[in-house]
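Undergrad: So here's structure31.cif (mmCIF, C-alpha atoms).
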data_upload
#
loop_
_atom_site.label_atom_id
_atom_site.label_comp_id
_atom_site.auth_asym_id
_atom_site.auth_seq_id
_atom_site.Cartn_x
_atom_site.Cartn_y
_atom_site.Cartn_z
CA MET A 1 21.66 -84.32 -25.06
CA GLY A 2 22.65 -80.86 -24.01
CA GLY A 3 25.71 -81.74 -21.73
CA VAL A 4 29.32 -82.40 -22.66
CA ARG A 5 31.01 -85.21 -20.73
CA LEU A 6 34.69 -85.04 -19.73
CA LEU A 7 36.43 -88.17 -20.87
CA PRO A 8 38.56 -89.97 -18.23
CA ALA A 9 41.56 -89.72 -20.52
CA VAL A 10 41.26 -85.94 -20.48
CA VAL A 11 40.96 -85.86 -16.72
CA ALA A 12 44.14 -87.93 -16.39
CA ALA A 13 46.34 -85.23 -17.97
CA THR A 14 46.45 -81.75 -16.41
CA VAL A 15 48.82 -78.82 -16.66
CA LEU A 16 50.34 -77.89 -13.30
CA GLY A 17 52.78 -74.92 -13.14
CA GLY A 18 53.52 -75.26 -16.86
CA VAL A 19 54.54 -78.96 -16.49
CA LEU A 20 52.54 -81.70 -18.13
CA THR A 21 51.74 -84.16 -15.30
CA ALA A 22 50.78 -87.73 -16.04
CA CYS A 23 49.61 -90.31 -13.52
CA THR A 24 51.99 -90.23 -10.59
CA SER A 25 52.09 -93.98 -10.24
CA ASP A 26 55.84 -94.54 -10.58
CA PRO A 27 57.90 -95.01 -7.42
CA VAL A 28 59.47 -91.88 -5.98
CA PRO A 29 63.28 -91.56 -6.40
CA THR A 30 65.22 -91.88 -3.17
CA GLY A 31 68.43 -90.59 -1.65
CA VAL A 32 68.50 -87.20 -3.33
CA SER A 33 71.72 -85.46 -2.25
CA VAL A 34 73.69 -82.41 -3.27
CA ALA A 35 77.42 -81.74 -3.11
CA TRP A 36 80.01 -79.54 -4.77
CA ASP A 37 81.75 -80.68 -7.90
CA ALA A 38 85.55 -80.63 -7.92
CA THR A 39 85.75 -77.00 -9.12
CA LYS A 40 82.97 -75.61 -6.91
CA THR A 41 81.34 -74.15 -10.01
CA ALA A 42 78.44 -76.61 -10.07
CA VAL A 43 76.14 -78.41 -7.65
CA GLN A 44 76.32 -82.18 -8.18
CA VAL A 45 72.89 -83.72 -7.51
CA SER A 46 72.61 -87.49 -7.16
CA TRP A 47 69.68 -89.88 -6.54
CA LYS A 48 68.54 -93.48 -6.68
CA ASP A 49 65.79 -95.09 -8.78
CA ASP A 50 65.20 -98.16 -10.95
CA ASN A 51 66.88 -97.01 -14.18
CA ALA A 52 64.10 -94.50 -14.96
CA PRO A 53 64.14 -91.21 -16.87
CA ASN A 54 64.25 -88.21 -14.56
CA ARG A 55 63.22 -84.60 -14.40
CA ILE A 56 65.44 -82.25 -12.30
CA SER A 57 64.27 -78.85 -11.10
CA ILE A 58 65.16 -76.23 -8.47
CA GLU A 59 62.57 -75.31 -5.86
CA GLY A 60 62.74 -72.10 -3.88
CA VAL A 61 62.07 -72.24 -0.16
CA VAL A 62 60.43 -68.88 0.58
CA SER A 63 62.52 -67.68 -2.38
CA SER A 64 61.06 -67.82 -5.89
CA SER A 65 61.85 -70.93 -7.90
CA PRO A 66 64.18 -70.34 -10.86
CA SER A 67 63.14 -71.66 -14.27
CA TYR A 68 65.66 -74.47 -14.43
CA VAL A 69 64.62 -77.91 -15.71
CA LYS A 70 66.82 -80.78 -16.86
CA TYR A 71 65.72 -84.16 -18.19
CA VAL A 72 68.00 -87.14 -17.77
CA ALA A 73 67.40 -90.15 -19.97
CA ALA A 74 66.84 -93.65 -18.61
CA GLY A 75 70.12 -95.50 -18.49
CA ASP A 76 72.17 -92.36 -17.86
CA PRO A 77 73.98 -92.09 -14.51
CA ASN A 78 71.76 -90.87 -11.68
CA THR A 79 73.73 -87.67 -11.24
CA TRP A 80 73.80 -84.25 -12.81
CA ALA A 81 75.88 -81.10 -12.32
CA ILE A 82 73.79 -77.90 -12.06
CA PRO A 83 75.92 -74.79 -12.70
CA THR A 84 75.90 -72.32 -9.83
CA SER A 85 74.69 -69.65 -12.27
CA ALA A 86 71.32 -71.44 -12.26
CA PHE A 87 70.82 -70.57 -8.59
CA PRO A 88 69.93 -66.94 -7.75
CA ALA A 89 72.17 -65.59 -5.01
CA ASP A 90 70.99 -64.99 -1.46
CA GLY A 91 68.15 -67.49 -1.43
CA ASN A 92 67.18 -70.88 0.03
CA TYR A 93 66.62 -73.78 -2.35
CA ARG A 94 66.18 -77.53 -2.77
CA VAL A 95 66.72 -79.74 -5.81
CA ALA A 96 63.71 -81.84 -6.78
CA VAL A 97 64.03 -85.11 -8.74
CA SER A 98 61.00 -86.83 -10.29
CA ILE A 99 60.50 -89.63 -12.79
CA GLY A 100 59.36 -88.31 -16.13
CA THR A 101 60.23 -87.11 -19.59
CA SER A 102 59.70 -83.92 -21.55
CA ARG A 103 57.10 -85.64 -23.73
CA GLY A 104 55.40 -88.03 -21.34
CA GLY A 105 55.28 -85.71 -18.36
CA VAL A 106 56.03 -86.40 -14.71
CA THR A 107 55.01 -89.83 -13.49
CA SER A 108 56.07 -89.72 -9.84
CA LYS A 109 56.02 -87.43 -6.92
CA PRO A 110 59.22 -85.42 -6.47
CA ALA A 111 61.96 -86.38 -4.10
CA ARG A 112 63.84 -83.40 -2.65
CA SER A 113 67.35 -82.76 -1.46
CA PRO A 114 68.12 -81.13 1.89
CA MET A 115 67.61 -77.36 1.85
CA PHE A 116 70.67 -75.16 1.31
CA ASP A 117 71.37 -71.44 0.99
CA THR A 118 73.07 -69.53 -1.82
CA ASP A 119 74.36 -66.64 0.26
CA GLY A 120 76.57 -64.44 -1.88
CA PRO A 121 79.82 -62.81 -0.75
CA LEU A 122 79.93 -60.20 1.99
CA ARG A 123 80.62 -56.76 0.54
CA PRO A 124 83.99 -55.36 1.74
CA THR A 125 83.84 -51.78 3.05
CA ASP A 126 85.90 -49.03 4.69
CA ALA A 127 88.98 -49.50 2.55
CA VAL A 128 92.03 -47.46 3.61
CA ALA A 129 95.29 -47.02 1.69
CA ARG A 130 98.62 -46.09 3.26
CA VAL A 131 101.72 -45.19 1.29
CA SER A 132 104.84 -47.20 2.04
CA GLY A 133 107.67 -46.03 -0.21
CA LYS A 134 106.71 -46.87 -3.78
CA ASP A 135 104.02 -49.28 -2.60
CA VAL A 136 100.54 -48.87 -1.18
CA GLN A 137 99.18 -51.00 1.64
CA VAL A 138 95.41 -51.44 1.42
CA SER A 139 93.21 -52.79 4.20
CA TRP A 140 89.45 -53.17 4.43
CA LYS A 141 86.67 -54.45 6.64
CA VAL A 142 84.22 -57.26 6.04
CA PRO A 143 80.87 -57.14 7.88
CA ALA A 144 79.81 -60.05 10.04
CA ALA A 145 77.76 -62.67 8.27
CA GLY A 146 74.02 -62.58 8.83
CA GLN A 147 72.04 -65.38 10.43
CA ASP A 148 72.42 -68.72 8.67
CA PHE A 149 68.94 -70.19 8.25
CA THR A 150 70.34 -73.46 6.91
CA PRO A 151 73.23 -74.18 9.29
CA ASN A 152 75.53 -76.99 8.25
CA ASP A 153 73.76 -77.51 4.96
CA PRO A 154 75.50 -79.87 2.47
CA LEU A 155 76.94 -76.96 0.45
CA ASP A 156 78.34 -74.88 3.29
CA VAL A 157 82.04 -74.12 2.85
CA PRO A 158 84.56 -73.26 5.57
CA ALA A 159 84.55 -69.68 6.80
CA GLY A 160 87.29 -67.44 5.43
CA THR A 161 87.26 -68.79 1.88
CA GLN A 162 85.73 -65.68 0.31
CA GLN A 163 88.20 -64.26 -2.20
CA TYR A 164 89.06 -60.64 -2.96
CA THR A 165 90.60 -59.67 -6.28
CA PRO A 166 92.07 -56.13 -6.35
CA VAL A 167 91.48 -54.19 -9.57
CA ILE A 168 92.55 -50.69 -10.58
CA GLY A 169 91.29 -48.34 -13.26
CA VAL A 170 93.61 -45.68 -14.68
CA ASN A 171 93.20 -43.00 -17.33
CA GLY A 172 92.29 -44.44 -20.72
CA GLN A 173 92.25 -48.04 -19.48
CA PRO A 174 89.59 -50.41 -18.14
CA PHE A 175 89.72 -52.03 -14.73
CA LYS A 176 92.39 -54.71 -14.52
CA PRO A 177 93.61 -57.01 -11.74
CA VAL A 178 96.78 -55.78 -10.02
CA ALA A 179 97.41 -58.64 -7.60
CA ALA A 180 96.41 -62.24 -7.06
CA PRO A 181 93.11 -62.98 -5.28
CA THR A 182 93.40 -63.16 -1.52
CA THR A 183 91.25 -64.33 1.40
CA LYS A 184 92.90 -61.85 3.77
CA SER A 185 91.69 -58.35 4.64
CA SER A 186 94.80 -56.50 3.48
CA LEU A 187 97.36 -56.55 0.70
CA VAL A 188 100.29 -54.57 -0.73
CA LEU A 189 100.08 -53.03 -4.19
CA LYS A 190 103.47 -52.66 -5.86
CA ASN A 191 104.52 -49.48 -7.66
CA VAL A 192 101.09 -47.83 -7.75
CA ARG A 193 100.91 -44.13 -8.56
CA PRO A 194 97.77 -41.98 -8.47
CA PRO A 195 95.50 -41.04 -10.02
CA TYR A 196 93.70 -44.38 -9.98
CA TYR A 197 90.42 -45.93 -8.86
CA PHE A 198 90.78 -49.06 -6.74
CA GLN A 199 88.13 -51.60 -5.84
CA LEU A 200 87.83 -55.20 -4.72
CA ARG A 201 85.95 -57.89 -6.59
CA ALA A 202 84.60 -60.10 -3.82
CA LYS A 203 83.70 -63.64 -4.85
CA ASN A 204 82.45 -66.79 -3.22
CA GLU A 205 81.01 -70.02 -4.56
CA TRP A 206 77.69 -68.39 -5.52
CA ALA A 207 78.26 -64.87 -6.80
CA SER A 208 80.58 -61.88 -7.01
CA LEU A 209 80.24 -58.18 -6.24
CA THR A 210 82.41 -55.08 -5.87
CA GLY A 211 83.23 -52.96 -2.85
CA ALA A 212 85.98 -51.28 -0.82
CA GLU A 213 86.58 -48.49 -3.35
CA ILE A 214 89.50 -46.07 -3.00
CA ALA A 215 89.95 -42.94 -5.10
CA GLY A 216 93.68 -42.36 -5.46
CA ARG A 217 94.08 -38.66 -6.28
CA THR A 218 96.93 -36.35 -7.21
CA THR A 219 97.02 -32.72 -6.07
CA ALA A 220 98.35 -29.42 -7.38
CA THR A 221 98.73 -26.56 -4.89
CA THR A 222 99.14 -22.84 -5.56
CA ALA A 223 99.61 -20.03 -3.05
CA ALA A 224 99.70 -16.24 -2.87
CA VAL A 225 102.32 -14.95 -0.40
CA PRO A 226 103.11 -11.24 0.23
CA THR A 227 106.61 -10.21 -0.82
CA LEU A 228 106.95 -7.65 2.04
CA TRP A 229 105.50 -7.83 5.54
CA THR A 230 105.93 -6.19 8.91
CA PHE A 231 107.86 -8.00 11.61
CA GLY A 232 105.72 -9.68 14.29
CA LYS A 233 102.38 -9.20 12.53
CA GLN A 234 100.29 -12.11 11.31
CA MET A 235 100.49 -12.62 7.56
CA LEU A 236 97.66 -14.15 5.54
CA ILE A 237 98.58 -16.76 2.95
CA ARG A 238 95.87 -17.75 0.49
CA GLY A 239 95.88 -20.65 -1.91
CA ARG A 240 94.03 -23.49 -3.57
CA THR A 241 94.48 -27.22 -4.04
CA ILE A 242 93.04 -28.93 -7.12
CA GLN A 243 92.87 -32.69 -7.40
CA GLN A 244 92.89 -35.10 -10.30
CA GLU A 245 90.93 -38.30 -9.90
CA ILE A 246 89.82 -41.21 -12.03
CA SER A 247 86.19 -41.73 -13.00
CA CYS A 248 85.25 -45.14 -14.38
CA GLY A 249 82.15 -45.76 -16.44
CA GLY A 250 81.55 -48.30 -19.16
CA SER A 251 84.64 -50.02 -20.47
CA ARG A 252 87.23 -47.30 -19.76
CA CYS A 253 88.28 -44.85 -17.09
CA SER A 254 89.10 -41.17 -17.53
CA VAL A 255 90.77 -38.46 -15.47
CA GLN A 256 88.91 -35.40 -14.22
CA GLN A 257 89.55 -32.46 -11.93
CA SER A 258 87.90 -32.08 -8.55
CA THR A 259 88.22 -30.16 -5.31
CA ALA A 260 87.57 -31.20 -1.75
CA ALA A 261 87.13 -29.57 1.63
CA GLY A 262 89.03 -30.85 4.63
CA LEU A 263 92.42 -31.57 3.10
CA PRO A 264 95.19 -30.61 5.55
CA VAL A 265 97.47 -27.76 4.45
CA VAL A 266 100.74 -26.82 6.15
CA VAL A 267 102.67 -23.57 5.62
CA LEU A 268 106.40 -24.23 5.79
CA ALA A 269 109.11 -21.61 6.33
CA GLN A 270 112.83 -21.64 5.59
CA ASN A 271 115.30 -19.14 7.11
CA ARG A 272 118.04 -19.61 4.55
CA ALA A 273 118.56 -21.43 1.29
CA GLY A 274 119.34 -25.07 1.93
CA GLY A 275 118.20 -24.83 5.54
CA PRO A 276 115.47 -26.94 7.12
CA TRP A 277 111.79 -26.26 6.49
CA VAL A 278 109.75 -25.73 9.66
CA GLN A 279 106.03 -25.47 10.20
CA ALA A 280 104.79 -21.88 10.39
CA GLY A 281 101.05 -22.47 10.23
CA ARG A 282 98.43 -25.04 9.32
CA GLY A 283 94.85 -25.20 8.17
CA SER A 284 92.64 -27.11 5.74
CA THR A 285 90.91 -26.62 2.43
CA GLN A 286 87.42 -25.19 2.28
CA PRO A 287 84.77 -25.83 -0.41
CA GLY A 288 86.31 -25.35 -3.82
CA GLY A 289 89.73 -26.38 -2.52
CA HIS A 290 90.54 -22.86 -1.23
CA PHE A 291 92.50 -22.21 1.96
CA GLU A 292 93.55 -19.22 4.07
CA ILE A 293 96.25 -19.60 6.72
CA ARG A 294 97.67 -16.92 9.02
CA VAL A 295 101.31 -17.21 10.08
CA ASN A 296 103.32 -15.31 12.65
CA THR A 297 106.18 -13.53 10.91
CA GLY A 298 109.73 -13.04 12.10
CA GLY A 299 112.68 -12.16 9.93
CA THR A 300 112.91 -12.48 6.17
CA ARG A 301 111.99 -16.04 5.21
CA THR A 302 110.89 -18.22 2.32
CA TYR A 303 107.41 -19.72 2.53
CA ARG A 304 105.50 -22.43 0.72
CA ALA A 305 102.17 -24.20 1.15
CA TYR A 306 102.34 -27.97 1.43
CA VAL A 307 99.55 -30.55 1.22
CA PRO A 308 100.80 -33.81 2.80
CA VAL A 309 99.71 -37.30 1.86
CA ASN A 310 96.20 -37.71 3.21
CA SER A 311 94.61 -41.10 3.75
CA ARG A 312 91.07 -41.66 4.87
CA VAL A 313 88.37 -44.23 4.20
CA GLY A 314 87.77 -44.41 0.47
CA ALA A 315 90.43 -41.90 -0.58
CA LEU A 316 94.18 -41.46 -0.78
CA THR A 317 95.42 -37.99 -1.72
CA ALA A 318 99.01 -37.54 -2.87
CA ALA A 319 101.22 -34.74 -1.56
CA SER A 320 101.91 -31.48 -3.40
CA SER A 321 103.65 -28.19 -2.74
CA SER A 322 103.32 -24.65 -4.02
CA LYS A 323 106.25 -22.65 -5.35
CA ASN A 324 108.65 -21.03 -2.88
CA TYR A 325 108.03 -17.36 -2.08
CA LEU A 326 110.46 -14.97 -0.37
CA THR A 327 108.83 -12.55 2.07
CA ARG A 328 111.03 -9.68 3.22
CA SER A 329 110.48 -8.57 6.78
CA ARG A 330 110.65 -4.94 7.84
CA LEU A 331 110.80 -3.36 11.29
CA LEU A 332 107.61 -2.90 13.23
CA ILE A 333 107.04 0.67 14.44
CA GLN A 334 105.49 0.05 17.83
CA GLY A 335 105.16 3.74 18.63
CA ALA A 336 106.43 7.16 17.49
CA GLY A 337 105.53 10.74 18.36
CA TYR A 338 106.05 13.74 20.56
CA ALA A 339 105.80 13.85 24.34
CA GLY A 340 102.72 15.84 25.27
CA GLY A 341 101.22 15.57 21.79
CA ASN A 342 101.94 17.40 18.54
CA LEU A 343 100.84 20.92 19.62
CA HIS A 344 103.51 22.99 21.37
CA ASN A 345 104.55 26.61 22.02
CA ARG A 346 107.37 28.54 20.41
CA ASN A 347 110.76 28.16 22.15
CA GLU A 348 109.51 25.02 23.88
CA VAL A 349 111.75 21.93 24.02
CA ILE A 350 110.26 19.13 21.94
CA ASN A 351 110.90 15.55 22.97
CA ALA A 352 110.44 13.00 20.14
CA ALA A 353 110.76 9.22 20.49
CA VAL A 354 110.35 6.00 18.50
CA VAL A 355 110.04 2.34 19.59
CA VAL A 356 110.56 -0.55 17.18
CA ARG A 357 110.52 -4.35 17.13
CA PRO A 358 112.62 -6.38 17.16
CA ALA A 359 114.46 -4.52 19.89
CA GLN A 360 117.93 -3.52 18.76
CA ASN A 361 120.88 -1.33 19.63
CA THR A 362 121.70 0.95 16.74
CA THR A 363 121.53 4.59 15.63
CA ALA A 364 118.32 6.14 14.37
CA MET A 365 118.19 9.29 12.29
CA LEU A 366 115.75 12.15 12.83
CA GLN A 367 114.72 13.60 9.47
CA PHE A 368 112.92 16.81 8.46
CA TRP A 369 110.66 17.43 5.43
CA ASN A 370 111.86 20.57 3.64
CA GLY A 371 109.01 20.64 1.17
CA ARG A 372 110.83 18.65 -1.47
CA ALA A 373 112.62 15.80 0.28
CA TRP A 374 113.54 14.33 3.62
CA GLY A 375 116.81 15.61 5.02
CA ASN A 376 118.84 14.36 7.95
CA VAL A 377 118.64 16.43 11.15
CA LYS A 378 120.55 14.48 13.76
CA PRO A 379 121.44 10.86 14.57
CA THR A 380 120.34 9.53 17.92
CA PRO A 381 121.29 6.30 19.66
CA MET A 382 118.71 3.51 19.94
CA ARG A 383 118.89 1.11 22.87
CA GLY A 384 116.61 -1.83 23.35
CA GLY A 385 114.61 -0.74 20.35
CA ARG A 386 113.93 2.77 21.71
CA ALA A 387 115.40 6.11 20.53
CA ALA A 388 114.64 9.64 21.80
CA ILE A 389 115.79 13.11 20.86
CA SER A 390 115.11 16.66 22.06
CA PHE A 391 115.18 19.92 20.09
CA LYS A 392 113.89 23.47 20.53
CA ALA A 393 111.01 24.93 18.53
CA VAL A 394 112.22 28.35 17.36
CA LYS A 395 109.37 29.57 15.14
CA PRO A 396 105.66 28.94 14.74
CA GLY A 397 104.11 26.89 11.94
CA LEU A 398 103.52 23.30 10.77
CA PHE A 399 106.53 21.02 10.50
CA ALA A 400 107.05 17.35 9.65
CA TYR A 401 109.69 15.06 11.12
CA ARG A 402 110.24 11.33 11.04
CA PHE A 403 112.66 8.70 12.34
CA LEU A 404 114.63 6.52 9.94
CA VAL A 405 115.69 3.24 11.60
CA PRO A 406 118.22 0.92 9.94
CA GLY A 407 117.69 -2.80 9.51
CA THR A 408 118.88 -5.57 11.76
CA THR A 409 118.91 -9.34 12.03
CA TYR A 410 116.56 -11.58 13.98
CA GLN A 411 117.51 -15.19 14.70
CA GLY A 412 119.98 -15.00 11.85
CA THR A 413 117.51 -13.60 9.32
CA PRO A 414 117.43 -10.03 8.03
CA VAL A 415 114.80 -7.50 9.08
CA TYR A 416 114.82 -4.50 6.79
CA GLY A 417 114.88 -0.93 8.08
CA THR A 418 111.95 1.43 7.81
CA ALA A 419 110.84 4.98 8.55
CA THR A 420 108.05 6.14 10.78
CA PRO A 421 105.07 7.85 9.19
CA SER A 422 105.34 11.63 8.96
CA LEU A 423 105.13 13.12 12.48
CA VAL A 424 103.42 16.51 12.06
CA LEU A 425 104.37 19.10 14.64
CA ARG A 426 102.35 22.33 15.18
CA ILE A 427 104.13 25.27 16.85
CA ARG A 428 102.07 28.31 17.96
#
The structure in this file should be written as structure tokens.
TA:
Amino acid sequence: MGGVRLLPAVVAATVLGGVLTACTSDPVPTGVSVAWDATKTAVQVSWKDDNAPNRISIEGVVSSSPSYVKYVAAGDPNTWAIPTSAFPADGNYRVAVSIGTSRGGVTSKPARSPMFDTDGPLRPTDAVARVSGKDVQVSWKVPAAGQDFTPNDPLDVPAGTQQYTPVIGVNGQPFKPVAAPTTKSSLVLKNVRPPYYFQLRAKNEWASLTGAEIAGRTTATTAAVPTLWTFGKQMLIRGRTIQQEISCGGSRCSVQQSTAAGLPVVVLAQNRAGGPWVQAGRGSTQPGGHFEIRVNTGGTRTYRAYVPVNSRVGALTAASSSKNYLTRSRLLIQGAGYAGGNLHNRNEVINAAVVVRPAQNTTAMLQFWNGRAWGNVKPTPMRGGRAAISFKAVKPGLFAYRFLVPGTTYQGTPVYGTATPSLVLRIR
């Protein structure tokens, strides 16, 4: 009394790993092999036995074993196609075949196929887009494959068979393919206009993933350009470039505004309507898309800020231009005043002079402030941009004179005339 005996029949049936295991007295299947089916979407496993029912499972080697089990009835062909979706990517596996049924349990030891890997596709990176007319040429890099721990396994495929399907998302639309899958590392997209979001769907026999993204952006550029500036002095042009780009989340993509630092900006100048535009200065956008560019001024010219097409890894920015702005140029007063300073004695001869740029040969006018307006005193010749005049101080007091210099042309563009500041003269 007192003890409970375990019956032999109970000992004969145990649960191992969730599988009911009967006596393993049946012969072990032989010749377990794996190969691709015709479509490379399933692994065809085959084996030999004496017309017995079979249990098929997947065993992980170092990797975890997936929960895949298939029973094949006695009399059925000794082959079964396991879909590739049953194999987790980037692992090492074998297919095990035993004799057994779902009700009676496993009655033989398992026979195993050769080990094989399920390495997924290599993620494409560093995608670059270059505009070619109405088309865009896209190229990308593919990293070198890692070490193959199952070299020449039965399911290895030739190198270079990984496919890349280009897809693009645009405003209000989901991602959609825009070209046929390719095994190359470049392709040409026909008639593509930003904004868009480009990516590659990389696929091999085991899995798929995305990579090689490119944000195709449009730009809008504004600028503030002075309407009047002094010849030969640097002029500051300020502006901003705002981008539009596509953001994709869920089933659809949408457009949004953004700014970026580092976009190149070129200031172009034109001497006459219809004439060529030439570079007058260059710079780049700062945080917030703002830019400040100093240009050397000459004669009267038209200016505009231009953002060229900019291509770099992961982004393609379309070109844009600001409005055209006319900046009138006026003479530069390099120097003006009285010899010996502005304090002189009565009846002394006063020598006044002015120097301007650009240097010109013309006639300057000495003017006098009469308390209400400037009146002409005497014209004086200007040579090489310099004019001088002498007059006698006849009474004491404070007096104001100035030079009025007419405009000229510089390299075929007008430079407007100007007057010196008021030149105060003190006579004692």
Undergrad: Report, in Å to a single decimal, how far apart atom CA of A:Val267 and atom CA of A:Val295 are.
TA: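 Going from atom CA of A:Val295 over to atom CA of A:Val267, I get 7.9 Å.
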Undergrad: Tell me which protein, DNA and RNA residues are within 7 Å of stretch 212-217 of chain A, counting all atoms listed in the file, leaving out same-chain ones fewer than 4 positions away, and put them as a ChimeraX atom specification.
TA: /A:124-127,140,194-200,243-245,314-318
Undergrad: For the residues in that selection, give me C-alpha atoms as a PDB file, keeping the file's coordinate frame.
TA:
ATOM      1  CA  PRO A 124      83.990 -55.360   1.740  1.00  0.00           C
ATOM      2  CA  THR A 125      83.840 -51.780   3.050  1.00  0.00           C
ATOM      3  CA  ASP A 126      85.900 -49.030   4.690  1.00  0.00           C
ATOM      4  CA  ALA A 127      88.980 -49.500   2.550  1.00  0.00           C
ATOM      5  CA  TRP A 140      89.450 -53.170   4.430  1.00  0.00           C
ATOM      6  CA  PRO A 194      97.770 -41.980  -8.470  1.00  0.00           C
ATOM      7  CA  PRO A 195      95.500 -41.040 -10.020  1.00  0.00           C
ATOM      8  CA  TYR A 196      93.700 -44.380  -9.980  1.00  0.00           C
ATOM      9  CA  TYR A 197      90.420 -45.930  -8.860  1.00  0.00           C
ATOM     10  CA  PHE A 198      90.780 -49.060  -6.740  1.00  0.00           C
ATOM     11  CA  GLN A 199      88.130 -51.600  -5.840  1.00  0.00           C
ATOM     12  CA  LEU A 200      87.830 -55.200  -4.720  1.00  0.00           C
ATOM     13  CA  GLN A 243      92.870 -32.690  -7.400  1.00  0.00           C
ATOM     14  CA  GLN A 244      92.890 -35.100 -10.300  1.00  0.00           C
ATOM     15  CA  GLU A 245      90.930 -38.300  -9.900  1.00  0.00           C
ATOM     16  CA  GLY A 314      87.770 -44.410   0.470  1.00  0.00           C
ATOM     17  CA  ALA A 315      90.430 -41.900  -0.580  1.00  0.00           C
ATOM     18  CA  LEU A 316      94.180 -41.460  -0.780  1.00  0.00           C
ATOM     19  CA  THR A 317      95.420 -37.990  -1.720  1.00  0.00           C
ATOM     20  CA  ALA A 318      99.010 -37.540  -2.870  1.00  0.00           C
TER      21      ALA A 318
END
Undergrad: Can you turn the PyMOL selection byres ((chain A and resi 70) around 8) into a concrete residue list for this file, as number ranges by chain?
TA: A: 55-57, 68-69, 71-72
Undergrad: Within 9 Å of A:Ala86, counting all atoms listed in the file, which residues show up once you throw out same-chain ones fewer than 4 positions away? Write them as JSON, numbers by chain, please.
TA: {"A": [58, 66, 67, 68, 82]}
Undergrad: List the spatial neighbours of stretch 405-421 of chain A as a compact mmCIF listing (two decimals) with C-alpha atoms, in the coordinates of the input - criterion: any atom at most 8 Å away, only C-alpha atoms, same-chain residues fewer than 3 positions off excluded.
TA:
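The result, stored in out_25.txt:
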# COMPACT_ATOMS: atom_id res chain seq x y z
CA PHE A 231 107.86 -8.00 11.61
CA ASN A 271 115.30 -19.14 7.11
CA ARG A 272 118.04 -19.61 4.55
CA GLY A 298 109.73 -13.04 12.10
CA GLY A 299 112.68 -12.16 9.93
CA THR A 300 112.91 -12.48 6.17
CA ARG A 301 111.99 -16.04 5.21
CA ARG A 328 111.03 -9.68 3.22
CA SER A 329 110.48 -8.57 6.78
CA ARG A 330 110.65 -4.94 7.84
CA LEU A 331 110.80 -3.36 11.29
CA ILE A 333 107.04 0.67 14.44
CA ALA A 336 106.43 7.16 17.49
CA PRO A 358 112.62 -6.38 17.16
CA GLN A 360 117.93 -3.52 18.76
CA THR A 362 121.70 0.95 16.74
CA THR A 363 121.53 4.59 15.63
CA ALA A 364 118.32 6.14 14.37
CA MET A 365 118.19 9.29 12.29
CA ARG A 402 110.24 11.33 11.04
Undergrad: Applied to the shown file, which residues does the PyMOL selection byres ((chain A and resi 369) around 9) return, written as a ChimeraX atom specification?
TA: /A:367-368,370-375,399-402,422
Undergrad: With a distance cut-off of 10 Å and all atoms listed in the file, select the neighbouring residues of A:Thr118, excluding the residue or stretch itself and same-chain residues fewer than 4 positions from it, and output the selection as a ChimeraX atom specification.
TA: /A:84,87-93,150,155-156,204-207
Undergrad: Please determine, counting all atoms listed in the file, which residue among A:Ala179, A:Ile237, A:Val377, A:Ala129 has the shortest atom-to-atom distance to A:Asn310.
TA: A:Ala129
Undergrad: Could you check the closest approach to A:Arg282 for each of A:Tyr306, A:Trp229, A:Phe149, A:Trp36 and tell me which residue wins, using only C-alpha atoms?
TA: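 Among A:Tyr306, A:Trp229, A:Phe149, A:Trp36, it is A:Tyr306 that comes nearest to A:Arg282.
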Undergrad: What separation in Å, quoted to one decimal, exists between atom CA of A:Leu404 and atom CA of A:Gln334?
TA: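 Atom CA of A:Gln334 lies at a distance of 13.7 Å from atom CA of A:Leu404.
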Undergrad: Let me make sure I understand: among A:Pro143, A:Pro166, A:Pro110, A:Gly337, which one has the smallest atom-to-atom distance to A:Leu122 if we use all atoms listed in the file?
TA: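 Looking at the shortest contact to A:Leu122, the residue is A:Pro143.
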